[in-house]
file structure_33.cif (mmCIF, C-alpha atoms (C1' of nucleotides))
data_work
#
loop_
_atom_site.label_atom_id
_atom_site.label_comp_id
_atom_site.auth_asym_id
_atom_site.auth_seq_id
_atom_site.Cartn_x
_atom_site.Cartn_y
_atom_site.Cartn_z
CA MET A 3 2.31 31.72 56.63
CA LEU A 4 5.48 29.89 57.49
CA GLN A 5 3.65 26.81 58.76
CA GLN A 6 4.86 23.95 56.57
CA THR A 7 6.12 26.45 54.03
CA GLN A 8 9.67 27.38 53.24
CA VAL A 9 10.91 30.88 53.94
CA ALA A 10 11.88 31.27 50.29
CA THR A 11 8.27 30.71 49.27
CA VAL A 12 6.80 32.98 51.93
CA LEU A 13 9.04 35.81 50.76
CA ARG A 14 7.02 36.03 47.56
CA TYR A 15 3.77 36.55 49.48
CA PHE A 16 4.55 38.33 52.73
CA PRO A 17 5.26 41.85 51.40
CA ASN A 18 2.08 41.92 49.36
CA TRP A 19 0.12 40.45 52.23
CA MET A 20 1.33 43.14 54.62
CA ARG A 21 0.57 45.85 52.08
CA ARG A 22 -3.00 44.65 51.74
CA PHE A 23 -3.54 43.87 55.41
CA PRO A 24 -1.23 46.22 57.31
CA SER A 25 -3.02 45.80 60.64
CA VAL A 26 -5.08 43.34 62.61
CA ARG A 27 -8.10 45.49 61.94
CA ALA A 28 -7.44 45.66 58.22
CA LEU A 29 -7.34 41.89 58.09
CA ALA A 30 -10.37 41.46 60.32
CA ASP A 31 -12.40 43.87 58.20
CA ALA A 32 -11.39 42.32 54.89
CA PRO A 33 -13.79 40.07 52.99
CA GLU A 34 -12.73 36.45 52.91
CA ALA A 35 -12.46 36.69 49.13
CA ASP A 36 -9.66 39.24 49.50
CA VAL A 37 -7.89 37.13 52.09
CA LEU A 38 -7.95 34.04 49.90
CA HIS A 39 -6.88 36.06 46.88
CA ALA A 40 -3.77 37.27 48.67
CA TRP A 41 -3.07 33.69 49.74
CA GLN A 42 -3.78 31.96 46.44
CA GLY A 43 -1.01 29.64 45.35
CA LEU A 44 0.42 29.26 48.85
CA GLY A 45 -1.59 26.16 49.67
CA TYR A 46 -3.05 24.94 52.95
CA TYR A 47 -5.82 27.49 52.59
CA SER A 48 -7.29 26.79 56.00
CA ARG A 49 -4.32 28.74 57.31
CA ALA A 50 -5.63 31.86 55.58
CA ARG A 51 -9.13 31.36 56.91
CA ARG A 52 -7.82 30.80 60.42
CA LEU A 53 -5.57 33.83 60.26
CA HIS A 54 -8.59 35.83 59.19
CA ALA A 55 -10.63 34.34 62.03
CA GLY A 56 -7.70 34.99 64.35
CA ALA A 57 -7.70 38.69 63.50
CA ARG A 58 -11.41 38.90 64.29
CA PHE A 59 -10.87 36.94 67.49
CA LEU A 60 -8.17 39.39 68.55
CA LEU A 61 -10.47 42.36 68.06
CA GLU A 62 -13.30 40.74 69.97
CA ARG A 63 -11.36 39.28 72.82
CA HIS A 64 -8.06 41.14 73.10
CA ALA A 65 -8.73 44.69 71.91
CA GLY A 66 -6.91 43.91 68.68
CA GLU A 67 -3.64 43.12 70.45
CA LEU A 68 -1.82 39.80 70.45
CA PRO A 69 -2.09 38.27 73.94
CA ARG A 70 1.30 37.96 75.62
CA THR A 71 1.07 34.55 77.21
CA HIS A 72 1.50 31.08 75.78
CA ALA A 73 -1.83 29.92 77.18
CA ALA A 74 -3.80 32.78 75.65
CA LEU A 75 -2.01 32.47 72.31
CA LEU A 76 -2.99 28.83 72.15
CA GLU A 77 -6.66 29.83 72.07
CA LEU A 78 -6.26 31.64 68.76
CA PRO A 79 -7.42 29.88 65.63
CA GLY A 80 -4.43 28.69 63.64
CA ILE A 81 -2.05 28.93 66.60
CA GLY A 82 -0.94 25.51 67.79
CA ALA A 83 1.82 24.33 70.06
CA TYR A 84 4.60 25.40 67.73
CA SER A 85 3.33 28.90 66.96
CA ALA A 86 2.34 29.59 70.56
CA GLY A 87 5.82 28.54 71.68
CA ALA A 88 7.47 30.62 68.98
CA ILE A 89 5.53 33.80 69.69
CA ALA A 90 5.65 33.45 73.46
CA SER A 91 9.39 32.83 73.55
CA ILE A 92 10.59 35.06 70.73
CA ALA A 93 8.24 38.00 71.07
CA PHE A 94 7.55 37.96 74.79
CA GLY A 95 10.48 36.15 76.39
CA GLU A 96 8.39 33.42 77.96
CA LYS A 97 10.28 30.23 78.65
CA LYS A 98 8.42 27.90 76.30
CA PRO A 99 9.77 25.30 73.90
CA LEU A 100 8.95 24.82 70.27
CA VAL A 101 9.36 21.83 67.98
CA ASP A 102 9.28 22.26 64.24
CA GLY A 103 10.77 20.14 61.47
CA ASN A 104 14.21 21.58 62.11
CA VAL A 105 14.12 20.96 65.84
CA VAL A 106 12.95 17.40 65.28
CA ARG A 107 16.00 16.79 63.13
CA VAL A 108 18.51 18.45 65.44
CA LEU A 109 17.24 16.72 68.57
CA ALA A 110 16.72 13.31 66.99
CA ARG A 111 20.28 13.37 65.70
CA HIS A 112 22.01 14.92 68.66
CA PHE A 113 20.40 12.56 71.15
CA GLY A 114 20.19 9.59 68.80
CA LEU A 115 16.41 9.31 69.09
CA ARG A 116 14.89 6.42 67.15
CA GLY A 117 11.31 6.12 66.00
CA ASP A 118 8.79 8.12 64.03
CA PRO A 119 8.72 11.68 65.39
CA GLY A 120 5.14 12.02 64.20
CA LYS A 121 3.96 9.23 66.47
CA GLY A 122 3.06 9.53 70.10
CA PRO A 123 6.08 8.32 72.06
CA LEU A 124 8.84 10.19 70.24
CA ARG A 125 6.60 13.18 69.67
CA ARG A 126 6.04 13.55 73.40
CA ALA A 127 9.71 12.94 74.09
CA LEU A 128 10.76 15.69 71.72
CA TRP A 129 8.52 18.27 73.35
CA GLN A 130 9.65 17.12 76.78
CA LEU A 131 13.27 17.40 75.74
CA ALA A 132 12.82 20.79 74.11
CA GLY A 133 11.11 21.97 77.28
CA GLU A 134 14.04 20.85 79.40
CA LEU A 135 16.57 22.49 77.12
CA VAL A 136 15.02 25.94 76.68
CA PRO A 137 16.69 28.36 79.10
CA GLU A 138 15.12 30.98 81.32
CA ASP A 139 17.45 33.55 79.82
CA ARG A 140 16.65 34.48 76.20
CA PRO A 141 14.43 31.49 75.43
CA GLY A 142 13.50 33.00 72.08
CA ASP A 143 17.09 33.26 70.96
CA PHE A 144 17.66 29.66 72.00
CA ASN A 145 14.63 28.46 70.06
CA GLN A 146 15.60 30.40 66.97
CA ALA A 147 19.15 29.12 67.21
CA LEU A 148 17.90 25.55 67.36
CA MET A 149 15.77 26.05 64.27
CA GLU A 150 18.50 27.91 62.46
CA LEU A 151 20.97 25.13 63.21
CA GLY A 152 18.57 22.69 61.59
CA ALA A 153 17.96 24.94 58.62
CA THR A 154 21.59 25.75 57.83
CA VAL A 155 23.88 23.08 59.32
CA CYS A 156 21.93 20.02 60.43
CA THR A 157 20.15 19.77 57.10
CA PRO A 158 18.04 16.83 55.91
CA ARG A 159 20.79 15.69 53.56
CA ALA A 160 24.47 16.52 53.38
CA ALA A 161 24.55 17.89 56.90
CA ALA A 162 27.57 20.13 57.55
CA CYS A 163 28.72 18.23 60.62
CA GLY A 164 32.19 19.69 60.37
CA ALA A 165 30.73 23.13 60.96
CA CYS A 166 28.35 22.07 63.72
CA PRO A 167 28.90 23.55 67.18
CA LEU A 168 27.39 20.40 68.70
CA ARG A 169 29.52 17.90 66.79
CA ALA A 170 31.44 16.80 69.87
CA THR A 171 28.33 15.55 71.63
CA CYS A 172 26.18 14.40 68.70
CA VAL A 173 25.14 10.78 69.06
CA ALA A 174 24.11 10.40 65.43
CA ARG A 175 27.50 11.65 64.27
CA ARG A 176 29.30 9.33 66.66
CA ASP A 177 27.25 6.35 65.52
CA GLY A 178 27.11 7.17 61.83
CA LEU A 179 23.36 7.73 61.89
CA VAL A 180 23.21 11.30 60.66
CA GLU A 181 21.60 10.33 57.38
CA LYS A 182 19.27 7.86 59.09
CA LEU A 183 17.75 10.21 61.63
CA PRO A 184 15.10 11.31 62.13
CA GLU A 185 13.19 8.19 61.11
CA LEU A 186 10.46 9.84 59.13
CA PRO A 187 8.11 7.51 57.28
CA ALA A 188 8.43 7.75 53.51
CA ARG A 189 5.56 9.62 51.99
CA PRO A 190 3.47 7.20 49.97
CA LYS A 191 3.74 7.63 46.24
CA PRO A 192 0.95 9.82 44.90
CA THR A 193 -1.97 8.02 43.31
CA ARG A 194 -2.42 8.87 39.66
CA VAL A 195 -5.82 10.26 38.80
CA ARG A 196 -7.35 11.82 35.75
CA ALA A 197 -9.57 14.84 36.09
CA VAL A 198 -11.38 17.06 33.68
CA ALA A 199 -12.08 20.76 34.07
CA VAL A 200 -14.51 22.57 31.83
CA ALA A 201 -14.25 26.01 30.26
CA VAL A 202 -17.95 26.74 29.92
CA ARG A 203 -18.21 29.53 27.37
CA ASP A 204 -20.71 32.32 27.37
CA GLY A 205 -19.55 34.38 24.44
CA LYS A 206 -16.11 35.61 25.35
CA ARG A 207 -16.68 34.85 29.00
CA VAL A 208 -15.99 31.66 30.87
CA VAL A 209 -17.61 30.25 33.97
CA LEU A 210 -15.94 29.81 37.36
CA VAL A 211 -17.57 28.26 40.40
CA ARG A 212 -16.67 28.81 44.03
CA LEU A 213 -16.16 25.71 46.11
CA PRO A 214 -18.31 25.57 49.24
CA ALA A 215 -16.85 26.21 52.66
CA SER A 216 -17.42 22.53 53.38
CA ALA A 217 -15.20 21.39 50.51
CA PRO A 218 -12.38 19.22 51.81
CA ARG A 219 -9.91 20.98 49.56
CA TRP A 220 -9.74 24.51 48.16
CA ALA A 221 -12.79 25.61 50.15
CA GLY A 222 -13.84 29.10 49.12
CA LEU A 223 -11.58 29.18 46.07
CA TRP A 224 -12.76 29.54 42.48
CA THR A 225 -12.23 26.79 39.94
CA PHE A 226 -13.44 25.68 36.58
CA PRO A 227 -16.19 23.08 37.03
CA HIS A 228 -14.27 19.84 37.40
CA VAL A 229 -14.48 16.19 38.45
CA GLU A 230 -12.21 13.22 38.66
CA LEU A 231 -12.86 10.62 36.01
CA GLU A 232 -14.59 7.48 37.22
CA PRO A 233 -13.19 4.16 36.03
CA ASN A 234 -14.05 3.68 32.35
CA GLU A 235 -15.70 7.07 32.14
CA THR A 236 -15.04 9.06 29.01
CA ARG A 237 -13.67 12.55 29.15
CA ALA A 238 -16.84 13.96 27.64
CA ALA A 239 -19.07 12.15 30.10
CA ALA A 240 -17.00 13.41 32.99
CA ALA A 241 -17.11 16.93 31.59
CA GLU A 242 -20.88 16.77 31.40
CA ARG A 243 -21.02 15.50 34.94
CA ALA A 244 -18.77 18.34 36.08
CA VAL A 245 -20.98 20.99 34.53
CA HIS A 246 -24.16 19.38 35.75
CA GLY A 247 -22.78 19.08 39.26
CA ALA A 248 -21.65 22.69 39.37
CA LEU A 249 -24.43 24.43 37.46
CA GLY A 250 -27.26 21.92 37.35
CA VAL A 251 -27.52 22.04 33.58
CA LYS A 252 -26.50 19.93 30.63
CA ALA A 253 -23.68 21.23 28.48
CA HIS A 254 -22.48 20.70 24.93
CA ILE A 255 -18.96 19.37 25.36
CA GLY A 256 -16.36 20.53 22.87
CA VAL A 257 -12.70 19.88 22.28
CA GLU A 258 -9.79 19.50 24.64
CA LEU A 259 -7.99 22.80 25.08
CA ALA A 260 -5.10 22.10 27.41
CA ARG A 261 -3.63 19.49 29.67
CA ILE A 262 -1.49 19.90 32.75
CA GLU A 263 0.02 17.70 35.43
CA HIS A 264 -0.33 18.71 39.01
CA THR A 265 0.69 16.94 42.18
CA ILE A 266 -1.01 17.66 45.45
CA THR A 267 -0.57 15.96 48.76
CA ARG A 268 -1.50 12.43 47.77
CA PHE A 269 -2.49 12.60 44.13
CA ARG A 270 -0.79 13.15 40.84
CA ILE A 271 -3.54 14.64 38.71
CA ALA A 272 -3.61 14.72 34.94
CA LEU A 273 -5.99 17.62 34.48
CA GLU A 274 -7.52 18.25 31.08
CA LEU A 275 -9.32 21.43 30.17
CA VAL A 276 -12.30 20.86 27.91
CA GLU A 277 -14.41 23.46 26.20
CA ALA A 278 -18.19 23.54 26.52
CA THR A 279 -21.20 25.67 25.74
CA LEU A 280 -24.64 25.79 27.30
CA PRO A 281 -28.00 25.85 25.56
CA GLY A 282 -29.11 29.49 25.47
CA ASN A 283 -32.36 28.92 27.29
CA VAL A 284 -30.72 27.65 30.46
CA LEU A 285 -27.86 30.07 30.46
CA ARG A 286 -29.24 32.96 32.44
CA GLY A 287 -30.81 31.08 35.31
CA ALA A 288 -28.06 28.57 35.78
CA LEU A 289 -25.40 31.22 36.03
CA ARG A 290 -27.25 33.46 38.41
CA ALA A 291 -26.19 31.64 41.55
CA GLU A 292 -23.98 33.37 44.07
CA HIS A 293 -21.27 30.73 43.74
CA VAL A 294 -21.03 31.19 39.96
CA VAL A 295 -19.28 33.92 38.04
CA ARG A 296 -18.63 34.59 34.38
CA ALA A 297 -15.42 36.37 33.56
CA LEU A 298 -13.31 37.31 30.59
CA PRO A 299 -10.03 35.43 30.45
CA SER A 300 -8.30 38.67 31.41
CA GLU A 301 -10.52 38.92 34.50
CA LEU A 302 -9.93 35.43 35.83
CA SER A 303 -6.95 36.57 37.87
CA ARG A 304 -9.26 38.64 40.05
CA HIS A 305 -10.56 35.45 41.61
CA ALA A 306 -8.69 33.34 44.11
CA MET A 307 -7.88 30.07 42.38
CA PRO A 308 -5.80 27.05 43.37
CA ALA A 309 -2.57 26.57 41.45
CA PRO A 310 -3.69 24.02 38.85
CA HIS A 311 -6.79 25.98 37.87
CA ARG A 312 -4.74 29.13 37.83
CA LYS A 313 -2.47 27.44 35.31
CA LEU A 314 -5.48 26.65 33.14
CA ALA A 315 -6.69 30.25 33.43
CA VAL A 316 -3.29 31.49 32.33
CA TRP A 317 -3.44 29.12 29.37
CA LEU A 318 -6.86 30.49 28.39
CA LEU A 319 -5.62 34.05 28.53
CA ALA A 320 -2.52 33.25 26.50
CA ASN A 321 -4.32 31.20 23.91
CA GLY A 322 -7.27 33.49 23.52
CA GLY A 323 -10.95 32.95 23.53
CA ALA A 324 -10.93 31.11 20.21
CA SER A 325 -14.11 29.18 20.60
"C1'" DA B 17 -3.56 8.85 67.61
"C1'" DA B 18 -3.62 8.84 62.68
"C1'" DG B 19 -4.97 11.51 58.31
"C1'" DA B 20 -5.80 15.39 55.61
"C1'" DC B 21 -4.50 19.53 53.93
"C1'" DG B 22 -0.88 22.54 48.75
"C1'" DG B 23 2.52 23.86 46.49
"C1'" DG B 24 7.13 24.48 45.50
"C1'" DG B 25 12.32 24.75 46.72
"C1'" DC B 26 16.25 22.10 46.44
"C1'" DT B 27 19.26 18.04 45.87
"C1'" DA C 17 12.11 12.14 41.19
"C1'" DG C 18 12.13 12.48 45.93
"C1'" DC C 19 12.20 14.68 50.18
"C1'" DC C 20 10.64 18.04 53.13
"C1'" DC C 21 9.34 22.66 54.46
"C1'" DA C 22 9.78 27.90 60.93
"C1'" DG C 23 2.10 22.84 61.69
"C1'" DT C 24 -2.90 22.71 62.75
"C1'" DC C 25 -7.11 20.66 63.01
"C1'" DT C 26 -10.38 17.01 62.34
"C1'" DT C 27 -11.85 12.38 62.55
#

call {"tool": "encode", "arguments": {"input": "structure_33.cif", "output": "C-alpha cells"}}
result
Amino acid sequence: MLQQTQVATVLRYFPNWMRRFPSVRALADAPEADVLHAWQGLGYYSRARRLHAGARFLLERHAGELPRTHAALLELPGIGAYSAGAIASIAFGEKKPLVDGNVVRVLARHFGLRGDPGKGPLRRALWQLAGELVPEDRPGDFNQALMELGATVCTPRAAACGACPLRATCVARRDGLVEKLPELPARPKPTRVRAVAVAVRDGKRVVLVRLPASAPRWAGLWTFPHVELEPNETRAAAAERAVHGALGVKAHIGVELARIEHTITRFRIALELVEATLPGNVLRGALRAEHVVRALPSELSRHAMPAPHRKLAVWLLANGGAS
DNA sequence: AAGACGGGGCT
DNA sequence: AGCCCAGTCTT
C-alpha cells in the first residue's frame, strides 16, 4: 500500500483494509470486487490485484505464511526489489539493502551522485552502494533510518541540513548541490484531454460498467460509460459512442449535468457528465451483461470506482435523480 | 532499458 | 502549480 504512496494517504485506508482483511486467508478468500472496493481511490490498482494474488500465492506455496528469505519474497506478486529488501531486513533481520525515493535522495546527495537515478548506471550504483552500506547488525534499523532521514531531514526541498547527522561528510552540502540532487527528470506537463461520461438513466437508476481486466487503466473498476473526445467530435457524438461502446446500443443524449477536472499520470482530463436514456425496447437485453449494473445514486458507492467517476457519482447523489 | 500506472499531500 | 511519494511490471 505504501508503494509510491505517502504514509499520510495510506493512514486513511490501512485500518479499514485490516478490518476487512484481517488475515492472509481472509484476503485470499475475498472476491476481487471487495478487494478493489477497499482500495478504491488509492490508485495504482494493480497493487491491489497483486496483493490479492500474493495472498493466494502464500496459501498455495507457503502454508499462508510469509516466506522469511529475500529470494522467496521476491517471487511474490507485487513484491519487487524494494519490498523484498524491506521485509527481509526489517522483519527477518536479513542483511539486504533497499532503495526507495528517500534513499535515492540521501545517497545521491551525500555522495554527490550525478545523473538520473531512474536510468541504468546510477540506478545500479545506488543499489550497489546501499548494499555496501547496510550492516550485518540490525540491517532493518539501518534501512529504516536511511528512509527516515530522507523523509524528515533530507527532504526534497528545504532540507534541514543543520539538523543532519551526516552534514559533516555530505558532498552535496559541501558543494552547494543539495537542491540540485538527485537529478530527477522533470515530469512532462500533462496533456489536456476532454472526455465525456454518460449517466444512462433507467428510471431512478443509472448504469455503471465494469472495465475489463485487460483495460490499461482502472481494470476491474466500475465507471460511467465514457470516452475521450476525438478531434472535432461533439460532446453528444462522443456520448453516443461511449454508450454504444459499453452497452452496444444507441442512446438518446440529454443535457450536461456536471463537469470536473481530474489529473492522472500524464493527462489533465476535463470530464463532463452527460445524461442519457435508452429506447425501452433495447433496455433489458443491453443491461443484462455481467459487466453492467444499474444502481440508484445512493447505491453507487457499493461499487469500486476510480476517483473521477466517484466524484461524478457523489454529484449525482447530491443533486438528485432529476431527470 | 524505458514507459505506464493514480491520486493526493505539501510547499 | 509543481514536485514527489516507504515501486512494480510490462513492453

call {"tool": "residues_near_point", "arguments": {"input": "structure_33.cif", "point": "(-19.5, 19.4, 38.7)", "cutoff": "7 Å", "atoms": "all atoms listed in the file", "output": "list in words"}}
result
Pro227, His228, Val229, Arg243, Ala244, Val245, His246, Gly247 and Ala248 of chain A

call {"tool": "write_last_selection", "arguments": {"input": "structure_33.cif", "atoms": "C-alpha atoms", "output": "compact mmCIF listing (two decimals), in the frame of the given file"}}
result
# COMPACT_ATOMS: atom_id res chain seq x y z
CA PRO A 227 -16.19 23.08 37.03
CA HIS A 228 -14.27 19.84 37.40
CA VAL A 229 -14.48 16.19 38.45
CA ARG A 243 -21.02 15.50 34.94
CA ALA A 244 -18.77 18.34 36.08
CA VAL A 245 -20.98 20.99 34.53
CA HIS A 246 -24.16 19.38 35.75
CA GLY A 247 -22.78 19.08 39.26
CA ALA A 248 -21.65 22.69 39.37

call {"tool": "residues_around", "arguments": {"input": "structure_33.cif", "residues": "DA18 in chain B", "least_positions_apart": "6", "cutoff": "12 Å", "atoms": "all atoms listed in the file", "output": "ChimeraX atom specification"}}
result
/A:120-122 /C:26-27

call {"tool": "resolve_selection", "arguments": {"input": "structure_33.cif", "expression": "the PyMOL selection byres ((chain A) within 7 of (chain B))", "output": "ChimeraX atom specification"}}
result
/A:43-46,266-267

call {"tool": "interface_residues", "arguments": {"input": "structure_33.cif", "of": "chain C", "to": "chain A", "cutoff": "6 Å", "atoms": "only C-alpha atoms (C1' of nucleotides)", "output": "list of chain:residue names"}}
result
C:DC21, C:DA22, C:DG23

call {"tool": "axis_aligned_box", "arguments": {"input": "structure_33.cif", "around": "chain B", "padding_each_side": "3 Å", "output": "JSON"}}
result
{"center_x": 6.7, "center_y": 16.8, "center_z": 56.6, "size_x": 31.1, "size_y": 21.9, "size_z": 28.1}

call {"tool": "atom_distance", "arguments": {"input": "structure_33.cif", "atom1": "CA of Thr157 in chain A", "atom2": "CA of Arg140 in chain A"}}
result
24.4 Å

call {"tool": "atom_distance", "arguments": {"input": "structure_33.cif", "atom1": "CA of Ala147 in chain A", "atom2": "C1' of DC25 in chain C"}}
result
27.9 Å

call {"tool": "atom_distance", "arguments": {"input": "structure_33.cif", "atom1": "CA of Leu318 in chain A", "atom2": "CA of Leu13 in chain A"}}
result
28.0 Å

call {"tool": "resolve_selection", "arguments": {"input": "structure_33.cif", "expression": "the PyMOL selection byres ((chain A and resi 34) around 12)", "output": "ChimeraX atom specification"}}
result
/A:28-33,35-42,47-48,50-55,57-58,215,221-223,305-306

call {"tool": "write_last_selection", "arguments": {"input": "structure_33.cif", "atoms": "C-alpha atoms", "output": "CSV table (one decimal), in the coordinates of the input"}}
result
chain,number,residue,atom,x,y,z
A,28,ALA,CA,-7.4,45.7,58.2
A,29,LEU,CA,-7.3,41.9,58.1
A,30,ALA,CA,-10.4,41.5,60.3
A,31,ASP,CA,-12.4,43.9,58.2
A,32,ALA,CA,-11.4,42.3,54.9
A,33,PRO,CA,-13.8,40.1,53.0
A,35,ALA,CA,-12.5,36.7,49.1
A,36,ASP,CA,-9.7,39.2,49.5
A,37,VAL,CA,-7.9,37.1,52.1
A,38,LEU,CA,-8.0,34.0,49.9
A,39,HIS,CA,-6.9,36.1,46.9
A,40,ALA,CA,-3.8,37.3,48.7
A,41,TRP,CA,-3.1,33.7,49.7
A,42,GLN,CA,-3.8,32.0,46.4
A,47,TYR,CA,-5.8,27.5,52.6
A,48,SER,CA,-7.3,26.8,56.0
A,50,ALA,CA,-5.6,31.9,55.6
A,51,ARG,CA,-9.1,31.4,56.9
A,52,ARG,CA,-7.8,30.8,60.4
A,53,LEU,CA,-5.6,33.8,60.3
A,54,HIS,CA,-8.6,35.8,59.2
A,55,ALA,CA,-10.6,34.3,62.0
A,57,ALA,CA,-7.7,38.7,63.5
A,58,ARG,CA,-11.4,38.9,64.3
A,215,ALA,CA,-16.8,26.2,52.7
A,221,ALA,CA,-12.8,25.6,50.2
A,222,GLY,CA,-13.8,29.1,49.1
A,223,LEU,CA,-11.6,29.2,46.1
A,305,HIS,CA,-10.6,35.4,41.6
A,306,ALA,CA,-8.7,33.3,44.1

call {"tool": "closest_residue", "arguments": {"input": "structure_33.cif", "among": "A:Ala241, A:Val108, A:Leu213, A:Leu148", "to": "Cys163 in chain A", "atoms": "all atoms listed in the file"}}
result
A:Val108

call {"tool": "residues_around", "arguments": {"input": "structure_33.cif", "residues": "Ile89 in chain A", "least_positions_apart": "3", "cutoff": "9 Å", "atoms": "all atoms listed in the file", "output": "list of chain:residue names"}}
result
A:Arg70, A:Thr71, A:His72, A:Leu75, A:Tyr84, A:Ser85, A:Ala86, A:Ile92, A:Ala93, A:Phe94, A:Gly95, A:Glu96, A:Gly142

call {"tool": "decode", "arguments": {"input": "structure_33.cif", "residues": "chain B", "atoms": "N, CA, C and O atoms (P, O5', C5', C4', C3', O3' and C1' of nucleotides)", "output": "tab-separated table (two decimals), in the first residue's frame"}}
result
chain	number	residue	atom	x	y	z
B	17	DA	P	20.17	-2.01	-18.77
B	17	DA	O5'	19.08	-1.15	-19.58
B	17	DA	C5'	19.34	-0.71	-20.89
B	17	DA	C4'	18.22	0.19	-21.34
B	17	DA	C3'	17.91	1.34	-20.38
B	17	DA	O3'	17.44	2.44	-21.15
B	17	DA	C1'	16.04	-0.07	-20.52
B	18	DA	P	17.37	3.89	-20.51
B	18	DA	O5'	16.21	4.53	-21.38
B	18	DA	C5'	14.98	4.75	-20.77
B	18	DA	C4'	13.86	4.43	-21.72
B	18	DA	C3'	12.63	5.25	-21.44
B	18	DA	O3'	11.84	5.39	-22.60
B	18	DA	C1'	12.20	3.00	-20.91
B	19	DG	P	10.93	6.66	-22.77
B	19	DG	O5'	9.50	5.99	-22.80
B	19	DG	C5'	9.21	4.98	-21.87
B	19	DG	C4'	7.81	4.50	-22.07
B	19	DG	C3'	6.75	5.48	-21.58
B	19	DG	O3'	5.52	5.18	-22.22
B	19	DG	C1'	7.03	3.67	-20.03
B	20	DA	P	4.24	6.00	-21.80
B	20	DA	O5'	3.57	5.01	-20.75
B	20	DA	C5'	3.21	3.69	-21.14
B	20	DA	C4'	2.35	3.07	-20.06
B	20	DA	C3'	1.42	4.09	-19.40
B	20	DA	O3'	0.12	3.56	-19.25
B	20	DA	C1'	2.84	3.07	-17.78
B	21	DC	P	-1.00	4.48	-18.63
B	21	DC	O5'	-1.09	3.89	-17.16
B	21	DC	C5'	-1.26	2.48	-16.98
B	21	DC	C4'	-1.11	2.16	-15.53
B	21	DC	C3'	-1.96	3.06	-14.62
B	21	DC	O3'	-2.61	2.27	-13.65
B	21	DC	C1'	0.27	3.03	-13.89
B	22	DG	P	-3.82	2.92	-12.93
B	22	DG	O5'	-3.10	4.28	-12.46
B	22	DG	C5'	-3.80	5.46	-12.43
B	22	DG	C4'	-4.45	5.62	-11.07
B	22	DG	C3'	-5.35	6.84	-10.98
B	22	DG	O3'	-6.28	6.52	-9.96
B	22	DG	C1'	-3.45	7.18	-9.65
B	23	DG	P	-7.58	7.41	-9.79
B	23	DG	O5'	-7.16	8.40	-8.63
B	23	DG	C5'	-6.90	7.83	-7.34
B	23	DG	C4'	-6.07	8.78	-6.55
B	23	DG	C3'	-6.62	10.21	-6.48
B	23	DG	O3'	-7.19	10.36	-5.19
B	23	DG	C1'	-4.25	10.12	-6.63
B	24	DG	P	-7.81	11.74	-4.72
B	24	DG	O5'	-6.64	12.28	-3.78
B	24	DG	C5'	-6.06	11.39	-2.84
B	24	DG	C4'	-4.81	12.00	-2.28
B	24	DG	C3'	-4.97	13.44	-1.78
B	24	DG	O3'	-4.18	13.58	-0.63
B	24	DG	C1'	-3.22	13.35	-3.29
B	25	DG	P	-4.70	14.53	0.54
B	25	DG	O5'	-3.35	14.73	1.34
B	25	DG	C5'	-2.47	13.61	1.49
B	25	DG	C4'	-1.07	14.11	1.70
B	25	DG	C3'	-0.96	15.42	2.45
B	25	DG	O3'	0.19	15.37	3.26
B	25	DG	C1'	-0.06	15.71	0.30
B	26	DC	P	0.41	16.49	4.39
B	26	DC	O5'	1.44	17.48	3.68
B	26	DC	C5'	2.60	16.94	3.06
B	26	DC	C4'	3.35	18.05	2.38
B	26	DC	C3'	3.20	19.42	3.04
B	26	DC	O3'	4.47	20.02	3.14
B	26	DC	C1'	2.67	19.57	0.75
B	27	DT	P	4.65	21.42	3.91
B	27	DT	O5'	5.41	22.24	2.79
B	27	DT	C5'	6.47	21.61	2.06
B	27	DT	C4'	6.85	22.47	0.87
B	27	DT	C3'	7.00	23.96	1.20
B	27	DT	O3'	8.12	24.45	0.50
B	27	DT	C1'	5.39	23.68	-0.50
